[in-house]
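Structure first, then comments.
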Amino acid sequence: MPLRNISDTALWVAVYRADETERADAIFIDNYARGLAGKRGESIVQAMQSGRKNSWSFVARTYLFDKIIQDTVKNGVQQVINLASGLDTRPYRLELPSEIKWIDVDLPEIINYMDAEMAGIVPVCEVERIALNLSLRSERRELFENLAVRKLKTLVVAEGLIGYLSEKDASTLSYDLSHTLSFDFFLLDLMSPGILPLINAEMGSLLIDADSPLIFAPEEGEDFFRLFGWNPVASHSKFKTAALLNRLPESLLQYANMPEPIGPKGDFPWSGVCMFNKIL
């Protein structure tokens with residue numbers, strides 16, 4: 001099977017980061033992505049019906065997460081907790097203060113792989129990797145409380161995670177995070193109900209075969225998270241961002257100036273990166 005499990009999705013995303021890095025006009029540089037993706041990452045991309053056709057979406061997502069993380073750190077965040085961190089190399093490639101605490105949390109398979117592949121490479125800040133199945137609520141709450149004891153202003157990052165969760169799991173995770181001391185900001189990517197079937201039409205069968213379907217696209221949009229302690233403060237369309245970055249394929253350029261709905265997107269095909277702060 002091209003995808004064995006959800007951990008394999010990190011391999012294909014790394015291929016897109018590597019492709020962008022090797023462009024003459026690269027928007028970001030990730031010199032570790034090609035090696036981390038390996039031959040298996042390339043084979044996954046080639047097996048996908050969409051292949052590299054929609055790589056612009058992942059390039060825009062990476063750019064947005066990079067920028068928002070750096071801006072938030074400049075504004076006083078002291079700790080970044082990276083949930084379902086995958087093959088993320090941000091603490092090695094971004095300009096971050098050396099005193100920042102960066103914590104990657106993912107399944108043991110991914111953590112062990114990153115430990116082995118990144119051994120001997122010096123990060124720009126302090127990096128800690130924690131092996132944990134985030135679906136185990138009692139274990140993750142214990143981890144959150146242990147990290148909160150540090151009393152550091154914290155940004156929680158969930159790139160490429162929320163869409164795989166059920167509504168119940170997205171709810172409880174959001175609640176647990178907002179009810180943890182010093183977890184002040186939450187950064188994630190989100191889909192509208194209108195785009196979910198389009199994404200699944202192109203790569204849903206691969207994800208279903210790996211028992212990792214994309215399923216979460218709340219009708220309420222960003223407002224869904226208000227119920228669980230998070231106030232939406234900014235949302236950035238990946239499509240509009242890709243257009244500004246000159247990464248949209250020619251076939252989509254005619255839609256670049258199409259206005260997008262404000263508030264919940266409903267049937268409108270939208271995906272973006274959303275920033276939240278804690279409701280006090």
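Scheme for the structure tokens: letters A, B, ... for chains in order shown; per-chain residue numbers from 1; ligand numbers from 1 in order shown.
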Contact residues around Phe144 in chain A with only C-alpha atoms at 9 Å, ignoring same-chain residues under 6 positions, as JSON, numbers by chain: {"A": [176, 177, 180, 181, 183]}
Alpha helix (DSSP H) call set, DSSP backbone run, range 42-273 of chain A, as a ChimeraX atom specification: /A:42-47,55-74,90-93,108-117,137-148,167-178,196-209,238-244
Proximity to Trp56 in chain A - best of A:Ile29, A:Ala234, A:Ile121, A:Val13, only C-alpha atoms: A:Val13
Please tabulate, as a Markdown table, the residues of range 91-203 of chain A that come within 7 Å of range 78-86 of chain A, each with its closest pair of atoms and the distance in Å to one decimal, counting only C-alpha atoms and ordering rows by chain, then residue number upward.
| residue | atom | partner | partner_atom | distance |
| --- | --- | --- | --- | --- |
| A:Ile100 | CA | A:Gln78 | CA | 5.3 |
| A:Lys101 | CA | A:Gln79 | CA | 4.6 |
| A:Trp102 | CA | A:Val80 | CA | 4.9 |
| A:Ile103 | CA | A:Ile81 | CA | 4.8 |
| A:Asp104 | CA | A:Asn82 | CA | 4.8 |
| A:Val105 | CA | A:Leu83 | CA | 5.1 |
| A:Asp106 | CA | A:Ala84 | CA | 4.6 |
| A:Ile110 | CA | A:Gly86 | CA | 6.2 |
| A:Leu152 | CA | A:Gln78 | CA | 5.7 |
| A:Lys153 | CA | A:Gln78 | CA | 5.2 |
| A:Thr154 | CA | A:Gln79 | CA | 4.7 |
| A:Leu155 | CA | A:Val80 | CA | 4.9 |
| A:Val156 | CA | A:Ile81 | CA | 4.8 |
| A:Val157 | CA | A:Asn82 | CA | 4.8 |
| A:Ala158 | CA | A:Leu83 | CA | 5.1 |
| A:Leu161 | CA | A:Ala84 | CA | 6.4 |
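Proximity to Ile195 in chain A at 9 Å, evaluated using only C-alpha atoms and with sequence-adjacent residues fewer than 3 positions away removed, yields Met191, Ser192, Leu198, Ile199, Asn200, Ala217, Asp267, Phe268, Pro269, Trp270 and Ser271 of chain A.
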Got time to write the residues from that selection, N, CA and C atoms, as a PDB file, in the first residue's frame?
ATOM      1  N   MET A 191     -10.425  22.993   7.300  1.00  0.00           N
ATOM      2  CA  MET A 191     -11.115  22.850   6.024  1.00  0.00           C
ATOM      3  C   MET A 191     -12.583  23.229   6.175  1.00  0.00           C
ATOM      4  N   SER A 192     -13.184  23.682   5.079  1.00  0.00           N
ATOM      5  CA  SER A 192     -14.627  23.906   5.054  1.00  0.00           C
ATOM      6  C   SER A 192     -15.329  22.625   4.618  1.00  0.00           C
ATOM      7  N   LEU A 198     -13.943  17.384  -2.189  1.00  0.00           N
ATOM      8  CA  LEU A 198     -13.022  17.582  -3.307  1.00  0.00           C
ATOM      9  C   LEU A 198     -11.653  16.981  -2.992  1.00  0.00           C
ATOM     10  N   ILE A 199     -11.201  17.185  -1.758  1.00  0.00           N
ATOM     11  CA  ILE A 199      -9.921  16.612  -1.338  1.00  0.00           C
ATOM     12  C   ILE A 199     -10.012  15.092  -1.314  1.00  0.00           C
ATOM     13  N   ASN A 200     -11.092  14.588  -0.759  1.00  0.00           N
ATOM     14  CA  ASN A 200     -11.239  13.131  -0.660  1.00  0.00           C
ATOM     15  C   ASN A 200     -11.395  12.476  -2.020  1.00  0.00           C
ATOM     16  N   ALA A 217     -14.483  18.875   9.183  1.00  0.00           N
ATOM     17  CA  ALA A 217     -14.626  20.164   8.513  1.00  0.00           C
ATOM     18  C   ALA A 217     -15.893  20.805   9.083  1.00  0.00           C
ATOM     19  N   ASP A 267     -20.498  25.631   1.979  1.00  0.00           N
ATOM     20  CA  ASP A 267     -20.201  24.846   0.780  1.00  0.00           C
ATOM     21  C   ASP A 267     -19.075  25.444  -0.056  1.00  0.00           C
ATOM     22  N   PHE A 268     -18.605  26.612   0.332  1.00  0.00           N
ATOM     23  CA  PHE A 268     -17.505  27.226  -0.421  1.00  0.00           C
ATOM     24  C   PHE A 268     -16.224  26.421  -0.167  1.00  0.00           C
ATOM     25  N   PRO A 269     -15.496  26.051  -1.233  1.00  0.00           N
ATOM     26  CA  PRO A 269     -14.273  25.254  -1.034  1.00  0.00           C
ATOM     27  C   PRO A 269     -13.137  26.113  -0.468  1.00  0.00           C
ATOM     28  N   TRP A 270     -12.868  25.946   0.798  1.00  0.00           N
ATOM     29  CA  TRP A 270     -11.878  26.789   1.487  1.00  0.00           C
ATOM     30  C   TRP A 270     -11.044  25.942   2.432  1.00  0.00           C
ATOM     31  N   SER A 271      -9.780  26.247   2.497  1.00  0.00           N
ATOM     32  CA  SER A 271      -8.919  25.698   3.547  1.00  0.00           C
ATOM     33  C   SER A 271      -7.927  26.779   3.928  1.00  0.00           C
TER      34      SER A 271
END
Of the listed residues A:Thr72, A:Ser205, A:Thr241, A:Thr89, that which approaches Pro2 in chain A most closely, counting only C-alpha atoms: A:Ser205
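Between Leu64 in chain A and the residues A:Trp12, A:Phe28, A:Phe225, A:Phe216, the shortest atom-to-atom distance, using only C-alpha atoms, involves A:Phe28.
Between Arg93 in chain A and the candidates A:Pro193, A:Gly76, A:Pro123, A:Gly229, the tightest atom-to-atom separation, counting only C-alpha atoms, involves A:Pro123.
Closest to Ser43 in chain A among A:Val149, A:Phe224, A:Phe58, A:Leu3 is A:Leu3, based on only C-alpha atoms.
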10 Å contact set for Arg34 in chain A, only C-alpha atoms, chain neighbours under 4 positions out, as number ranges by chain: A: 11, 14-19, 21-22, 30, 38-39, 41-42
Selection above as a file: C-alpha atoms, as an mmCIF file, in the first residue's frame:
data_model
loop_
_atom_site.group_PDB
_atom_site.id
_atom_site.type_symbol
_atom_site.label_atom_id
_atom_site.label_comp_id
_atom_site.auth_asym_id
_atom_site.auth_seq_id
_atom_site.Cartn_x
_atom_site.Cartn_y
_atom_site.Cartn_z
ATOM 1 C CA LEU A 11 6.692 11.655 4.105
ATOM 2 C CA ALA A 14 8.249 16.479 3.170
ATOM 3 C CA VAL A 15 8.545 15.863 -0.587
ATOM 4 C CA TYR A 16 6.628 19.080 -1.270
ATOM 5 C CA ARG A 17 8.908 20.999 1.100
ATOM 6 C CA ALA A 18 11.925 19.547 -0.664
ATOM 7 C CA ASP A 19 10.554 20.490 -4.091
ATOM 8 C CA THR A 21 13.476 24.257 -1.391
ATOM 9 C CA GLU A 22 15.078 23.271 -4.714
ATOM 10 C CA ASP A 30 14.240 23.080 4.270
ATOM 11 C CA GLY A 38 13.414 9.385 1.244
ATOM 12 C CA LYS A 39 12.434 7.085 -1.606
ATOM 13 C CA GLY A 41 8.025 9.696 0.275
ATOM 14 C CA GLU A 42 8.596 10.056 -3.457
#
Based on DSSP run over this structure's backbone, return all residues of range 107-248 of chain A in strand (DSSP E), as a PDB file with C-alpha atoms, in the first residue's frame.
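Result went into part17.pdb, see below:
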ATOM      1  CA  GLU A 126      16.241  23.705  22.634  1.00  0.00           C
ATOM      2  CA  VAL A 127      14.354  20.737  21.137  1.00  0.00           C
ATOM      3  CA  GLU A 128      12.618  17.967  23.050  1.00  0.00           C
ATOM      4  CA  ARG A 129      10.826  15.049  21.397  1.00  0.00           C
ATOM      5  CA  ILE A 130       8.111  13.145  23.200  1.00  0.00           C
ATOM      6  CA  ALA A 131       6.617   9.882  21.961  1.00  0.00           C
ATOM      7  CA  THR A 154       3.011  28.750  25.097  1.00  0.00           C
ATOM      8  CA  LEU A 155       1.914  28.400  21.481  1.00  0.00           C
ATOM      9  CA  VAL A 156       0.372  25.038  20.600  1.00  0.00           C
ATOM     10  CA  VAL A 157       0.798  24.089  16.931  1.00  0.00           C
ATOM     11  CA  ALA A 158      -1.307  21.447  15.192  1.00  0.00           C
ATOM     12  CA  PHE A 183      -1.279  27.473  26.884  1.00  0.00           C
ATOM     13  CA  ASP A 184      -2.193  30.863  25.452  1.00  0.00           C
ATOM     14  CA  PHE A 185      -2.275  30.389  21.661  1.00  0.00           C
ATOM     15  CA  PHE A 186      -3.453  27.657  19.301  1.00  0.00           C
ATOM     16  CA  LEU A 187      -2.444  27.467  15.619  1.00  0.00           C
ATOM     17  CA  LEU A 188      -4.043  24.950  13.248  1.00  0.00           C
ATOM     18  CA  ASP A 189      -5.205  24.381   9.688  1.00  0.00           C
ATOM     19  CA  LEU A 190      -8.874  23.938   8.905  1.00  0.00           C
ATOM     20  CA  MET A 191     -11.115  22.850   6.024  1.00  0.00           C
ATOM     21  CA  TRP A 230     -10.506  29.438  21.938  1.00  0.00           C
ATOM     22  CA  ASN A 231     -11.150  32.804  20.330  1.00  0.00           C
ATOM     23  CA  PRO A 232     -10.348  33.056  16.592  1.00  0.00           C
ATOM     24  CA  VAL A 233      -8.096  36.040  15.927  1.00  0.00           C
ATOM     25  CA  ALA A 234      -6.872  35.473  12.353  1.00  0.00           C
ATOM     26  CA  SER A 235      -7.584  33.185   9.406  1.00  0.00           C
ATOM     27  CA  HIS A 236      -5.483  32.964   6.254  1.00  0.00           C
ATOM     28  CA  SER A 237      -6.704  31.311   3.064  1.00  0.00           C
TER      29      SER A 237
END
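Rounded to one decimal, CA of Ser7 in chain A and CA of Ile69 in chain A lie 23.0 Å from each other.
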Closest of A:Val45, A:Leu36, A:Ser251, A:Phe228 to Met118 in chain A - atom-to-atom distances counting only C-alpha atoms: A:Leu36
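Of note, CA of Glu222 in chain A and CA of Gly272 in chain A are spaced 10.2 Å apart.
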